[in-house]
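Below is the file coords.txt, which contains compact mmCIF, C-alpha atoms.
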```txt
# COMPACT_ATOMS: atom_id res chain seq x y z
CA MET A 1 1.28 15.22 -8.63
CA VAL A 2 2.52 13.69 -5.38
CA GLU A 3 6.14 13.35 -4.37
CA TRP A 4 7.36 9.90 -3.44
CA VAL A 5 10.72 9.60 -1.65
CA TRP A 6 12.07 6.11 -1.21
CA ARG A 7 15.65 5.08 -0.54
CA GLN A 8 16.98 8.58 -1.18
CA ILE A 9 15.24 8.83 -4.56
CA GLY A 10 12.45 11.34 -5.02
CA VAL A 11 9.94 11.37 -7.88
CA GLU A 12 6.65 13.17 -8.49
CA LEU A 13 3.84 11.01 -9.82
CA PRO A 14 0.13 11.47 -10.56
CA ALA A 15 -1.86 11.07 -7.34
CA GLU A 16 -3.97 8.25 -8.81
CA TRP A 17 -0.90 6.06 -9.39
CA GLU A 18 -0.53 3.88 -6.33
CA CYS A 19 2.51 1.93 -5.25
CA LEU A 20 1.66 -1.77 -5.48
CA GLN A 21 5.16 -3.22 -5.23
CA PHE A 22 8.18 -2.06 -3.28
CA ALA A 23 11.59 -3.34 -2.24
CA ARG A 24 13.42 -2.65 1.01
CA ASP A 25 16.87 -3.58 -0.28
CA PRO A 26 19.16 -0.53 -0.39
CA GLU A 27 21.51 -2.18 -2.92
CA ALA A 28 19.00 -2.85 -5.68
CA GLY A 29 15.25 -2.86 -5.90
CA ARG A 30 12.08 -1.61 -7.44
CA CYS A 31 8.90 0.30 -6.70
CA ALA A 32 6.05 -0.28 -9.12
CA PHE A 33 3.08 2.06 -9.46
CA ALA A 34 -0.25 1.34 -11.07
CA ASP A 35 -3.29 3.29 -12.12
CA ARG A 36 -6.67 1.64 -11.86
CA HIS A 37 -6.10 -0.94 -14.59
CA ARG A 38 -2.38 -1.54 -15.10
CA TYR A 39 1.14 -0.85 -13.97
CA ARG A 40 2.19 2.54 -15.32
CA PHE A 41 5.58 3.25 -13.81
CA GLU A 42 8.52 1.48 -12.27
CA LEU A 43 11.39 2.98 -10.36
CA ASN A 44 14.40 0.67 -10.32
CA TRP A 45 17.60 1.41 -8.48
CA ARG A 46 21.01 -0.13 -8.08
CA LYS A 47 23.98 1.11 -6.09
CA SER A 48 26.93 1.77 -8.30
CA PRO A 49 30.42 3.03 -7.39
CA GLY A 50 30.55 5.23 -10.48
CA GLU A 51 28.65 6.37 -13.54
CA PRO A 52 28.24 3.52 -16.02
CA ASP A 53 28.99 3.76 -19.73
CA PHE A 54 25.45 4.58 -20.86
CA GLY A 55 26.27 4.21 -24.56
CA ARG A 56 27.41 0.65 -24.08
CA MET A 57 24.66 -0.13 -21.62
CA MET A 58 21.98 1.04 -24.06
CA LYS A 59 23.50 -1.03 -26.85
CA ASP A 60 23.48 -4.18 -24.68
CA TYR A 61 19.99 -3.41 -23.54
CA GLU A 62 18.74 -2.84 -27.07
CA GLY A 63 20.16 -6.20 -28.12
CA SER A 64 18.51 -8.08 -25.30
CA LEU A 65 15.13 -6.36 -25.68
CA ALA A 66 15.02 -6.68 -29.48
CA LYS A 67 13.52 -10.18 -29.15
CA GLU A 68 10.60 -9.00 -27.04
CA TRP A 69 9.98 -5.51 -28.35
CA GLU A 70 8.91 -4.26 -31.77
CA GLY A 71 10.08 -0.99 -33.31
CA ILE A 72 12.70 -0.46 -30.64
CA ARG A 73 14.48 2.89 -30.86
CA LYS A 74 16.68 5.15 -28.79
CA VAL A 75 15.16 8.25 -27.25
CA LYS A 76 16.31 11.03 -24.95
CA CYS A 77 14.11 12.93 -22.56
CA ARG A 78 15.23 15.67 -20.15
CA GLY A 79 18.80 14.43 -20.49
CA TRP A 80 17.85 10.83 -19.71
CA PRO A 81 18.96 8.35 -22.39
CA GLY A 82 16.39 5.66 -23.04
CA LEU A 83 14.76 3.08 -25.24
CA THR A 84 11.17 2.80 -26.35
CA GLY A 85 9.31 0.09 -28.19
CA LYS A 86 6.07 -1.85 -28.45
CA ARG A 87 5.53 -4.96 -26.46
CA GLY A 88 2.21 -6.62 -27.15
CA GLY A 89 -0.46 -3.94 -27.00
CA GLU A 90 1.56 -1.51 -24.94
CA VAL A 91 4.39 0.94 -25.35
CA VAL A 92 7.25 0.57 -22.89
CA SER A 93 9.90 3.26 -22.43
CA ARG A 94 12.95 2.86 -20.22
CA PHE A 95 15.25 5.67 -19.16
CA GLY A 96 18.38 5.61 -17.04
CA LYS A 97 20.35 8.12 -15.04
CA TYR A 98 23.15 8.06 -12.51
CA LEU A 99 22.47 10.11 -9.36
CA GLU A 100 25.98 11.00 -8.31
CA GLU A 101 25.06 12.53 -4.93
CA ILE A 102 23.86 9.19 -3.63
CA GLY A 103 25.81 6.85 -5.94
CA VAL A 104 22.74 5.16 -7.35
CA LEU A 105 21.84 4.16 -10.88
CA VAL A 106 18.14 4.85 -11.44
CA GLU A 107 15.95 3.41 -14.14
CA ALA A 108 12.48 4.82 -14.85
CA VAL A 109 10.09 2.61 -16.80
CA PHE A 110 6.86 3.92 -18.32
CA ILE A 111 4.12 1.66 -19.58
CA ASP A 112 1.37 3.06 -21.78
CA ALA A 113 -1.62 1.16 -23.10
CA GLY A 114 -1.78 2.98 -26.42
CA GLU A 115 0.37 5.91 -27.37
CA ARG A 116 3.45 7.05 -25.51
CA ASP A 117 2.74 10.09 -23.32
CA ASP A 118 5.89 12.18 -23.92
CA ARG A 119 4.73 15.14 -21.87
CA LEU A 120 3.99 13.10 -18.78
CA GLU A 121 7.29 11.25 -19.16
CA ALA A 122 9.17 14.55 -19.34
CA LYS A 123 7.34 15.91 -16.30
CA ILE A 124 8.08 12.82 -14.22
CA LEU A 125 11.71 12.51 -15.32
CA ALA A 126 12.31 16.16 -14.52
CA SER A 127 11.09 15.54 -11.00
CA VAL A 128 13.44 12.62 -10.22
CA ARG A 129 16.00 13.77 -7.68
CA ALA A 130 18.52 12.50 -5.18
CA VAL A 131 17.44 13.03 -1.58
CA PRO A 132 20.58 12.79 0.53
CA PRO A 133 20.43 13.06 4.34
CA GLU A 134 19.73 16.54 5.70
CA ALA A 135 22.34 18.58 7.58
CA ASN A 136 20.94 17.44 10.93
CA GLY A 137 21.59 13.81 10.03
CA MET A 138 17.99 12.95 9.24
CA GLN A 139 16.87 11.11 6.13
CA LEU A 140 13.58 11.96 4.46
CA TRP A 141 11.10 9.28 3.38
CA ARG A 142 7.77 10.09 1.78
CA ALA A 143 5.54 7.15 1.07
CA PHE A 144 2.06 5.76 1.58
CA GLY A 145 0.66 9.06 2.81
CA MET A 146 3.39 9.76 5.36
CA GLU A 147 6.40 12.05 5.40
CA MET A 148 9.00 10.71 7.79
CA ARG A 149 12.39 11.82 8.96
CA VAL A 150 14.63 9.16 10.49
CA PRO A 151 18.31 9.21 11.49
CA ARG A 152 20.47 8.38 8.47
CA THR A 153 21.88 5.26 10.14
CA PHE A 154 18.42 3.72 10.52
CA GLU A 155 17.36 1.05 8.04
CA LEU A 156 13.87 0.21 6.85
CA GLY A 157 13.28 -3.00 8.79
CA GLU A 158 9.67 -3.70 7.94
CA CYS A 159 6.98 -2.27 5.72
CA VAL A 160 3.45 -3.62 5.83
CA VAL A 161 0.92 -2.29 3.37
CA GLU A 162 -2.66 -3.47 3.59
CA PRO A 163 -5.96 -1.82 2.75
CA ALA A 164 -6.46 1.04 5.20
CA ARG A 165 -3.37 0.04 7.21
CA VAL A 166 0.23 0.94 6.54
CA GLY A 167 3.15 0.46 8.87
CA MET A 168 6.84 1.24 8.40
CA ARG A 169 9.48 0.35 10.94
CA PHE A 170 12.99 1.76 10.90
CA ASP A 171 15.64 0.02 12.97
CA GLY A 172 18.71 1.75 14.32
CA PRO A 173 22.14 0.13 14.41
CA ARG A 174 21.86 -0.37 18.19
CA SER A 175 19.07 -1.84 20.27
CA PRO A 176 16.50 -0.59 21.22
CA ASP A 177 16.50 2.15 18.55
CA ARG A 178 13.32 1.72 16.57
CA TRP A 179 10.97 4.23 15.00
CA ILE A 180 7.57 3.14 13.78
CA PHE A 181 5.12 5.03 11.62
CA ARG A 182 1.56 3.96 10.92
CA ARG A 183 -1.43 5.23 9.00
CA TYR A 184 -4.91 3.81 9.40
CA GLY A 185 -8.05 4.27 7.35
CA MET A 186 -11.75 3.56 7.90
CA VAL A 187 -11.29 5.00 11.36
CA LYS A 188 -15.00 5.49 12.05
CA THR A 189 -15.65 1.78 11.68
CA TRP A 190 -13.13 0.60 14.28
CA LEU A 191 -11.98 3.45 16.56
CA LYS A 192 -14.59 3.53 19.29
CA THR A 193 -12.49 5.30 21.95
CA PRO A 194 -10.89 8.76 22.06
CA VAL A 195 -7.49 9.00 20.33
CA ARG A 196 -5.85 9.59 23.72
CA GLU A 197 -7.05 6.27 25.13
CA TRP A 198 -6.14 4.43 21.96
CA LEU A 199 -2.62 5.90 22.01
CA VAL A 200 -2.02 4.69 25.56
CA SER A 201 -3.37 1.23 24.72
CA GLN A 202 -0.86 0.98 21.88
CA ALA A 203 2.10 1.76 24.14
CA GLY A 204 1.95 -1.69 25.70
CA GLU A 205 3.45 -2.80 28.98
CA LEU A 206 7.08 -2.21 27.97
CA ALA A 207 6.54 1.55 27.98
CA ARG A 208 6.55 2.60 31.64
CA ASN A 209 5.71 5.83 33.43
CA VAL A 210 3.76 7.04 30.45
CA LYS A 211 2.75 10.70 30.70
CA PHE A 212 0.72 12.87 28.44
CA LYS A 213 2.58 15.75 26.91
CA PRO A 214 1.05 19.18 26.48
CA GLY A 215 0.31 20.66 23.10
CA GLY A 216 -2.25 18.11 22.06
CA GLY A 217 -5.85 18.60 21.03
CA GLY A 218 -6.81 20.89 18.19
CA ALA A 219 -8.70 20.01 15.02
CA ALA A 220 -6.48 17.00 14.42
CA GLN A 221 -7.06 15.72 17.99
CA LEU A 222 -3.30 15.38 18.38
CA GLU A 223 -2.20 13.43 21.43
CA ARG A 224 1.35 12.91 22.65
CA ILE A 225 2.81 10.66 25.28
CA GLU A 226 6.30 9.95 26.56
CA GLY A 227 7.75 7.44 28.92
CA GLU A 228 10.58 5.01 29.56
CA TRP A 229 11.25 2.00 27.39
CA ARG A 230 11.97 -0.90 29.70
CA PRO A 231 12.02 -4.26 27.96
CA LYS A 232 11.73 -7.39 30.08
CA GLY A 233 15.17 -8.89 30.61
CA LEU A 234 18.20 -7.69 32.54
CA LEU A 235 20.51 -7.46 29.54
CA LEU A 236 18.09 -5.71 27.23
CA ARG A 237 18.85 -2.04 26.75
CA ARG A 238 16.48 0.59 28.03
CA GLY A 239 15.61 3.83 26.39
CA ALA A 240 13.05 6.55 25.96
CA TYR A 241 9.61 6.15 24.45
CA ALA A 242 7.70 8.90 22.66
CA ALA A 243 4.53 8.48 20.67
CA ALA A 244 1.93 10.65 19.02
CA ALA A 245 -1.34 10.00 17.27
CA TRP A 246 -3.75 12.26 15.50
CA LYS A 247 -6.67 12.13 13.14
CA SER A 248 -6.13 14.21 10.06
CA PRO A 249 -9.13 16.43 9.41
CA GLU A 250 -8.29 16.40 5.70
CA ASP A 251 -8.23 12.69 4.89
CA GLY A 252 -9.88 11.34 8.05
CA ARG A 253 -6.99 8.92 8.64
CA LEU A 254 -5.33 8.14 11.93
CA TYR A 255 -1.58 8.70 12.06
CA HIS A 256 0.60 7.10 14.70
CA ALA A 257 4.31 7.70 15.28
CA ILE A 258 6.42 5.84 17.83
CA CYS A 259 10.06 6.64 18.60
CA ILE A 260 12.00 4.26 20.82
CA THR A 261 15.47 5.63 21.26
CA GLY A 262 18.31 4.21 23.32
CA ARG A 263 20.64 6.28 25.48
CA LYS A 264 23.48 6.05 22.96
CA SER A 265 21.34 7.63 20.24
CA SER A 266 19.74 10.16 22.55
CA ARG A 267 20.71 13.05 20.28
CA PHE A 268 18.13 11.75 17.82
CA HIS A 269 15.37 11.40 20.36
CA PRO A 270 12.62 13.77 19.21
CA ALA A 271 10.91 16.07 21.68
CA ALA A 272 7.62 14.75 20.31
CA ALA A 273 7.05 11.87 17.88
CA ASP A 274 4.86 14.02 15.64
CA ALA A 275 7.92 16.18 14.94
CA VAL A 276 9.39 13.44 12.74
CA MET A 277 6.21 12.46 10.94
CA THR A 278 3.81 14.52 8.87
CA ALA A 279 0.53 13.48 7.34
CA CYS A 280 0.32 13.77 3.56
CA PRO A 281 -3.39 13.77 2.74
CA GLU A 282 -2.65 14.57 -0.91
CA PHE A 283 -1.62 10.92 -1.32
CA LEU A 284 -5.21 9.83 -0.91
CA CYS A 285 -6.97 10.01 -4.26
CA ILE A 286 -10.53 8.83 -3.82
CA PRO A 287 -12.30 7.88 -7.05
CA ALA A 288 -15.57 9.69 -7.66
CA GLU A 289 -18.63 7.47 -7.86
CA GLY A 290 -19.80 7.10 -11.42
CA ASP A 291 -16.37 7.23 -13.06
CA ALA A 292 -15.94 3.45 -13.17
CA MET B 1 18.36 -8.50 -17.33
CA SER B 2 15.57 -11.09 -17.45
CA ARG B 3 14.30 -9.86 -14.05
CA ARG B 4 13.87 -6.33 -15.36
CA ALA B 5 10.81 -6.93 -17.50
CA GLN B 6 8.94 -8.97 -14.89
CA THR B 7 6.66 -6.32 -13.42
CA ALA B 8 5.99 -4.60 -16.68
CA ALA B 9 5.06 -7.93 -18.21
CA ALA B 10 2.11 -8.38 -15.87
CA PRO B 11 -0.02 -5.28 -16.27
CA GLY B 12 -3.65 -5.53 -15.43
CA ALA B 13 -3.44 -8.88 -13.65
CA TRP B 14 -6.50 -7.69 -11.74
CA ASP B 15 -8.27 -6.24 -14.77
CA ASP B 16 -10.41 -9.29 -15.64
CA MET B 17 -11.70 -9.39 -12.09
CA LEU B 18 -12.66 -5.71 -12.30
CA LYS B 19 -14.79 -6.35 -15.39
CA ALA B 20 -16.62 -9.26 -13.78
CA VAL B 21 -20.21 -8.83 -12.67
CA LEU B 22 -21.38 -10.39 -9.42
CA ILE B 23 -24.73 -12.05 -9.29
CA PRO B 24 -26.37 -12.83 -5.96
CA ASN B 25 -27.47 -16.43 -5.46
CA ARG B 26 -31.22 -16.34 -6.02
CA ALA B 27 -31.72 -19.15 -3.56
CA ALA B 28 -30.04 -17.16 -0.76
CA ARG B 29 -32.42 -15.46 1.62
CA VAL B 30 -31.98 -12.87 4.34
CA VAL B 31 -32.70 -14.47 7.69
CA ARG B 32 -31.95 -11.52 9.92
CA GLU B 33 -30.93 -7.88 9.55
CA GLU B 34 -29.45 -6.17 12.57
CA PRO B 35 -29.85 -2.44 13.31
CA ASP B 36 -26.07 -1.97 12.85
CA GLY B 37 -26.39 -3.20 9.25
CA SER B 38 -25.08 -6.74 9.66
CA LEU B 39 -26.92 -9.50 7.83
CA THR B 40 -27.48 -13.20 8.22
CA LEU B 41 -27.99 -15.06 4.98
CA ALA B 42 -29.15 -18.62 4.46
CA VAL B 43 -27.98 -20.55 1.42
CA PRO B 44 -29.56 -23.94 0.64
CA THR B 45 -27.06 -26.78 0.74
CA ARG B 46 -26.82 -29.56 -1.79
CA LYS B 47 -26.92 -33.00 -0.25
CA PRO B 48 -23.98 -35.22 -1.28
CA SER B 49 -25.07 -38.42 -3.03
CA PHE B 50 -23.91 -40.70 -0.20
CA PHE B 51 -26.27 -38.89 2.16
CA ARG B 52 -29.25 -40.21 0.30
CA GLY B 53 -30.74 -43.42 1.59
CA LEU B 54 -29.89 -44.96 4.92
CA ILE B 55 -27.24 -42.42 6.03
CA ASN B 56 -29.74 -39.64 5.43
CA TRP B 57 -32.03 -41.33 7.87
CA LEU B 58 -29.25 -41.59 10.48
CA VAL B 59 -27.50 -38.23 10.02
CA ARG B 60 -29.46 -35.03 9.64
CA VAL B 61 -27.78 -32.72 7.12
CA PRO B 62 -28.70 -29.04 7.53
CA GLN B 63 -30.94 -27.78 4.74
CA GLU B 64 -29.29 -24.38 4.74
CA ARG B 65 -25.94 -22.89 5.56
CA LEU B 66 -25.91 -19.60 7.43
CA THR B 67 -23.48 -16.82 6.56
CA VAL B 68 -23.19 -13.79 8.80
CA LEU B 69 -22.02 -10.59 7.12
CA ASP B 70 -20.71 -7.67 9.14
CA PRO B 71 -21.98 -4.17 8.20
CA LEU B 72 -19.13 -3.66 5.72
CA GLY B 73 -19.68 -7.03 4.11
CA ALA B 74 -23.43 -6.50 4.00
CA GLY B 75 -22.83 -3.26 2.10
CA ILE B 76 -20.72 -5.10 -0.48
CA TRP B 77 -23.31 -7.88 -0.78
CA LYS B 78 -26.10 -5.39 -1.36
CA SER B 79 -24.03 -3.75 -4.12
CA CYS B 80 -23.85 -7.05 -5.98
CA ASP B 81 -27.05 -6.64 -7.97
CA GLY B 82 -26.06 -8.48 -11.13
CA LYS B 83 -25.56 -5.21 -12.99
CA ARG B 84 -22.60 -3.51 -11.32
CA SER B 85 -19.09 -4.66 -12.16
CA VAL B 86 -16.51 -5.34 -9.47
CA GLU B 87 -14.85 -2.07 -10.49
CA GLU B 88 -18.05 -0.12 -9.88
CA ILE B 89 -18.48 -1.82 -6.51
CA ALA B 90 -14.85 -1.03 -5.60
CA VAL B 91 -15.29 2.62 -6.57
CA ARG B 92 -18.48 2.83 -4.52
CA PHE B 93 -16.78 1.24 -1.53
CA ALA B 94 -13.78 3.58 -1.90
CA THR B 95 -15.99 6.67 -2.04
CA PHE B 96 -18.05 5.61 0.93
CA HIS B 97 -15.14 4.61 3.16
CA HIS B 98 -12.65 7.23 1.99
CA LEU B 99 -10.18 4.75 0.54
CA SER B 100 -7.95 4.84 -2.51
CA PHE B 101 -8.99 2.69 -5.47
CA HIS B 102 -6.52 -0.12 -4.87
CA GLU B 103 -7.18 -0.23 -1.13
CA SER B 104 -10.84 -0.66 -1.97
CA ARG B 105 -10.16 -3.16 -4.77
CA VAL B 106 -8.13 -5.43 -2.51
CA SER B 107 -10.76 -5.25 0.25
CA VAL B 108 -13.70 -5.84 -2.09
CA THR B 109 -12.15 -8.65 -4.13
CA GLY B 110 -10.93 -10.37 -0.97
CA TYR B 111 -14.37 -10.24 0.57
CA VAL B 112 -16.14 -11.20 -2.63
CA THR B 113 -13.87 -14.26 -2.98
CA SER B 114 -14.97 -15.47 0.45
CA LEU B 115 -18.64 -14.91 -0.49
CA LEU B 116 -18.14 -16.84 -3.72
CA ARG B 117 -16.66 -19.73 -1.75
CA ARG B 118 -19.69 -19.78 0.50
CA GLY B 119 -22.06 -19.82 -2.46
CA VAL B 120 -23.69 -16.50 -1.63
CA LEU B 121 -22.60 -14.98 -4.92
CA ALA B 122 -21.85 -16.13 -8.44
CA VAL B 123 -19.53 -14.41 -10.88
CA ALA B 124 -20.02 -13.61 -14.56
CA VAL B 125 -16.68 -12.77 -16.13
CA ASN B 126 -16.86 -10.02 -18.74
CA PRO B 127 -20.53 -10.46 -19.75
CA ARG B 128 -20.42 -7.27 -21.81
CA GLY B 129 -17.77 -8.73 -24.09
```

Let me see the file written as structure tokens.
Amino acid sequence: MVEWVWRQIGVELPAEWECLQFARDPEAGRCAFADRHRYRFELNWRKSPGEPDFGRMMKDYEGSLAKEWEGIRKVKCRGWPGLTGKRGGEVVSRFGKYLEEIGVLVEAVFIDAGERDDRLEAKILASVRAVPPEANGMQLWRAFGMEMRVPRTFELGECVVEPARVGMRFDGPRSPDRWIFRRYGMVKTWLKTPVREWLVSQAGELARNVKFKPGGGGAAQLERIEGEWRPKGLLLRRGAYAAAAWKSPEDGRLYHAICITGRKSSRFHPAAADAVMTACPEFLCIPAEGDA
Amino acid sequence: MSRRAQTAAAPGAWDDMLKAVLIPNRAARVVREEPDGSLTLAVPTRKPSFFRGLINWLVRVPQERLTVLDPLGAGIWKSCDGKRSVEEIAVRFATFHHLSFHESRVSVTGYVTSLLRRGVLAVAVNPRG
């Protein structure tokens, strides 16, 4: 099982279930996870000022789903009220819960091809938790093989997920605050220079006076740089630039963290960019040849 | 409420593609194989009807179209032996390049689609029933 933390909601899922759909909207959205052949799980969320009337909600839900589902019935699992029924050749089960700590209504949807897997449902539902900001003001995110900690005021501005390339950008409320986290695969096929050279090439011309920071090297070939962030333009705010890159010896992927922090948010500026990002090689579940 | 069932209503949208078997075009031939693994393939072109006759005499239409495959693409092309399904090819690619299944599936199906367009491959959907 691998823990996924997205928008302050944490859930543990089988490692072979991959996230194929995600939403950035903090108000309402969905992450959908699939195994090799079909969607298996959905995590829906909606901000809510208070706990809804679940009894009434389930009744309304049952009425609206009765047209599509067969043998619809109420179920309860680990304290989560829910509905289950057959739709076509699959069993769909929906459970809801209000996470008071973060004021979010969460819905977990399970899709099974044949029989309902009660044990797996119970295991997953038991793992769903609210992940509020930590005492130091940092918010945890754990997704796409990366564990990231960003200031609580930062919003997920962009998330790009492609084969062997993931990038997540968090934007602060003030310019130029921006933290970027990336994870690359198939490194042997495209990285032809040492990690150190590659890291400097990624800094671009807006990062000035770039210096290497000590503490690099090791099995992961960790490299760190820091410098000044000086965008072109007199009115554009300057700040500090810190970046780190390393190749994980466990999954062979290249991890890259960039922290651009303005003077007003200097208390969040990390000493090294790798301090706010951790590699999660357990996310990578490689199928064994012959099991197709 | 209607939005809620959308994702769950589309399971396995990629499943038919996974069951498909890819057959290499028998008329395609390997022109060149580089030491790095890249390949150049030549696929015979079909002459459009209006190119027969006088225009054919005026304009020379190439007999073959060349397709250059990089080492990764060449590996995928070599896996398409008419027996392996797309799923088997994706698993093989994932194992070799240390990718997750869906990363590999998206890469393989994207590449295979471009090879199908160029006539290097043909697809047999669900030949095993």

Mind listing as a PDB file with C-alpha atoms, keeping the file's coordinate frame which residues of chain A are within 10 Å of chain B, counting all atoms listed in the file?
```
ATOM      1  CA  ALA A  15      -1.860  11.070  -7.340  1.00  0.00           C
ATOM      2  CA  GLU A  16      -3.970   8.250  -8.810  1.00  0.00           C
ATOM      3  CA  TRP A  17      -0.900   6.060  -9.390  1.00  0.00           C
ATOM      4  CA  GLU A  18      -0.530   3.880  -6.330  1.00  0.00           C
ATOM      5  CA  CYS A  19       2.510   1.930  -5.250  1.00  0.00           C
ATOM      6  CA  LEU A  20       1.660  -1.770  -5.480  1.00  0.00           C
ATOM      7  CA  GLN A  21       5.160  -3.220  -5.230  1.00  0.00           C
ATOM      8  CA  ARG A  30      12.080  -1.610  -7.440  1.00  0.00           C
ATOM      9  CA  CYS A  31       8.900   0.300  -6.700  1.00  0.00           C
ATOM     10  CA  ALA A  32       6.050  -0.280  -9.120  1.00  0.00           C
ATOM     11  CA  PHE A  33       3.080   2.060  -9.460  1.00  0.00           C
ATOM     12  CA  ALA A  34      -0.250   1.340 -11.070  1.00  0.00           C
ATOM     13  CA  ASP A  35      -3.290   3.290 -12.120  1.00  0.00           C
ATOM     14  CA  ARG A  36      -6.670   1.640 -11.860  1.00  0.00           C
ATOM     15  CA  HIS A  37      -6.100  -0.940 -14.590  1.00  0.00           C
ATOM     16  CA  ARG A  38      -2.380  -1.540 -15.100  1.00  0.00           C
ATOM     17  CA  TYR A  39       1.140  -0.850 -13.970  1.00  0.00           C
ATOM     18  CA  ARG A  40       2.190   2.540 -15.320  1.00  0.00           C
ATOM     19  CA  PHE A  41       5.580   3.250 -13.810  1.00  0.00           C
ATOM     20  CA  GLU A  42       8.520   1.480 -12.270  1.00  0.00           C
ATOM     21  CA  ASN A  44      14.400   0.670 -10.320  1.00  0.00           C
ATOM     22  CA  ASP A  60      23.480  -4.180 -24.680  1.00  0.00           C
ATOM     23  CA  TYR A  61      19.990  -3.410 -23.540  1.00  0.00           C
ATOM     24  CA  SER A  64      18.510  -8.080 -25.300  1.00  0.00           C
ATOM     25  CA  LEU A  65      15.130  -6.360 -25.680  1.00  0.00           C
ATOM     26  CA  GLU A  68      10.600  -9.000 -27.040  1.00  0.00           C
ATOM     27  CA  ARG A  87       5.530  -4.960 -26.460  1.00  0.00           C
ATOM     28  CA  GLY A  88       2.210  -6.620 -27.150  1.00  0.00           C
ATOM     29  CA  GLU A  90       1.560  -1.510 -24.940  1.00  0.00           C
ATOM     30  CA  VAL A  92       7.250   0.570 -22.890  1.00  0.00           C
ATOM     31  CA  VAL A 109      10.090   2.610 -16.800  1.00  0.00           C
ATOM     32  CA  PHE A 110       6.860   3.920 -18.320  1.00  0.00           C
ATOM     33  CA  ILE A 111       4.120   1.660 -19.580  1.00  0.00           C
ATOM     34  CA  ALA A 113      -1.620   1.160 -23.100  1.00  0.00           C
ATOM     35  CA  VAL A 161       0.920  -2.290   3.370  1.00  0.00           C
ATOM     36  CA  GLU A 162      -2.660  -3.470   3.590  1.00  0.00           C
ATOM     37  CA  PRO A 163      -5.960  -1.820   2.750  1.00  0.00           C
ATOM     38  CA  ALA A 164      -6.460   1.040   5.200  1.00  0.00           C
ATOM     39  CA  ARG A 165      -3.370   0.040   7.210  1.00  0.00           C
ATOM     40  CA  GLY A 185      -8.050   4.270   7.350  1.00  0.00           C
ATOM     41  CA  MET A 186     -11.750   3.560   7.900  1.00  0.00           C
ATOM     42  CA  VAL A 187     -11.290   5.000  11.360  1.00  0.00           C
ATOM     43  CA  LYS A 188     -15.000   5.490  12.050  1.00  0.00           C
ATOM     44  CA  THR A 189     -15.650   1.780  11.680  1.00  0.00           C
ATOM     45  CA  ASP A 251      -8.230  12.690   4.890  1.00  0.00           C
ATOM     46  CA  GLY A 252      -9.880  11.340   8.050  1.00  0.00           C
ATOM     47  CA  ARG A 253      -6.990   8.920   8.640  1.00  0.00           C
ATOM     48  CA  PHE A 283      -1.620  10.920  -1.320  1.00  0.00           C
ATOM     49  CA  LEU A 284      -5.210   9.830  -0.910  1.00  0.00           C
ATOM     50  CA  CYS A 285      -6.970  10.010  -4.260  1.00  0.00           C
ATOM     51  CA  ILE A 286     -10.530   8.830  -3.820  1.00  0.00           C
ATOM     52  CA  PRO A 287     -12.300   7.880  -7.050  1.00  0.00           C
ATOM     53  CA  ALA A 288     -15.570   9.690  -7.660  1.00  0.00           C
ATOM     54  CA  GLU A 289     -18.630   7.470  -7.860  1.00  0.00           C
ATOM     55  CA  GLY A 290     -19.800   7.100 -11.420  1.00  0.00           C
ATOM     56  CA  ASP A 291     -16.370   7.230 -13.060  1.00  0.00           C
ATOM     57  CA  ALA A 292     -15.940   3.450 -13.170  1.00  0.00           C
TER      58      ALA A 292
END
```

Pick out the residues sitting within 8 Å of Glu3 in chain A, and hand them over as a compact mmCIF listing (two decimals) with C-alpha atoms, in the frame of the given file; count only C-alpha atoms, and ignore anything fewer than 6 positions along from it in its own chain.
```txt
# COMPACT_ATOMS: atom_id res chain seq x y z
CA GLY A 10 12.45 11.34 -5.02
CA VAL A 11 9.94 11.37 -7.88
CA GLU A 12 6.65 13.17 -8.49
CA LEU A 13 3.84 11.01 -9.82
CA ARG A 142 7.77 10.09 1.78
```

- From the set A:Gly239, A:Gly71, A:Gly79, A:Gly137, which residue has the shortest atom-to-atom contact distance to Thr153 in chain A, counting all atoms listed in the file?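 Ranking A:Gly239, A:Gly71, A:Gly79, A:Gly137 by distance to Thr153 in chain A, first place goes to A:Gly137.
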
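Put simply, CA of Gly85 in chain A is 10.6 Å away from CA of Asp112 in chain A.
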
- Task: Determine, counting all atoms listed in the file, which protein, DNA and RNA residues have an atom within 6 Å of an atom of range 24-40 of chain B; residues of the same chain fewer than 2 positions away are not included. Present the result as an MDAnalysis selection string.
- Result: chainID B and resid 42:43 67:71 74 120:121

- Message: Report, in Å with one decimal, the straight-line distance from CA of Gly145 in chain A to CA of Arg224 in chain A.
- Response: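 Interatomic distance, CA of Gly145 in chain A to CA of Arg224 in chain A: 20.2 Å.
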
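Minimum atom-to-atom distances from A:Gly233, A:Pro26, A:Pro176, A:Gly55 to Leu156 in chain A were compared using all atoms listed in the file, and the lowest value belongs to A:Pro26.
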
- Query: At what distance in Å, to one decimal, does CA of Arg178 in chain A lie from CA of Ser265 in chain A?
  - Reply: 10.6 Å

- Would you list the contacts of Phe212 in chain A as a PyMOL selection string, taking every protein, DNA or RNA residue within 8 Å and counting only C-alpha atoms, but skipping same-chain residues closer than 3 positions in sequence? chain A and resi 223-226

- For Pro44 in chain B, which of B:Val59, B:Leu116, B:Leu66, B:Ile23 is the closest residue, counting only C-alpha atoms? B:Leu66

Centre and edge lengths, as lines of an AutoDock Vina configuration file, for the axis-aligned box enclosing every listed atom of range 94-111 of chain B with 6 Å of padding on each of the six sides, in Å to one decimal?
```
center_x = -12.3
center_y = -1.6
center_z = -1.2
size_x = 23.5
size_y = 29.6
size_z = 20.6
```
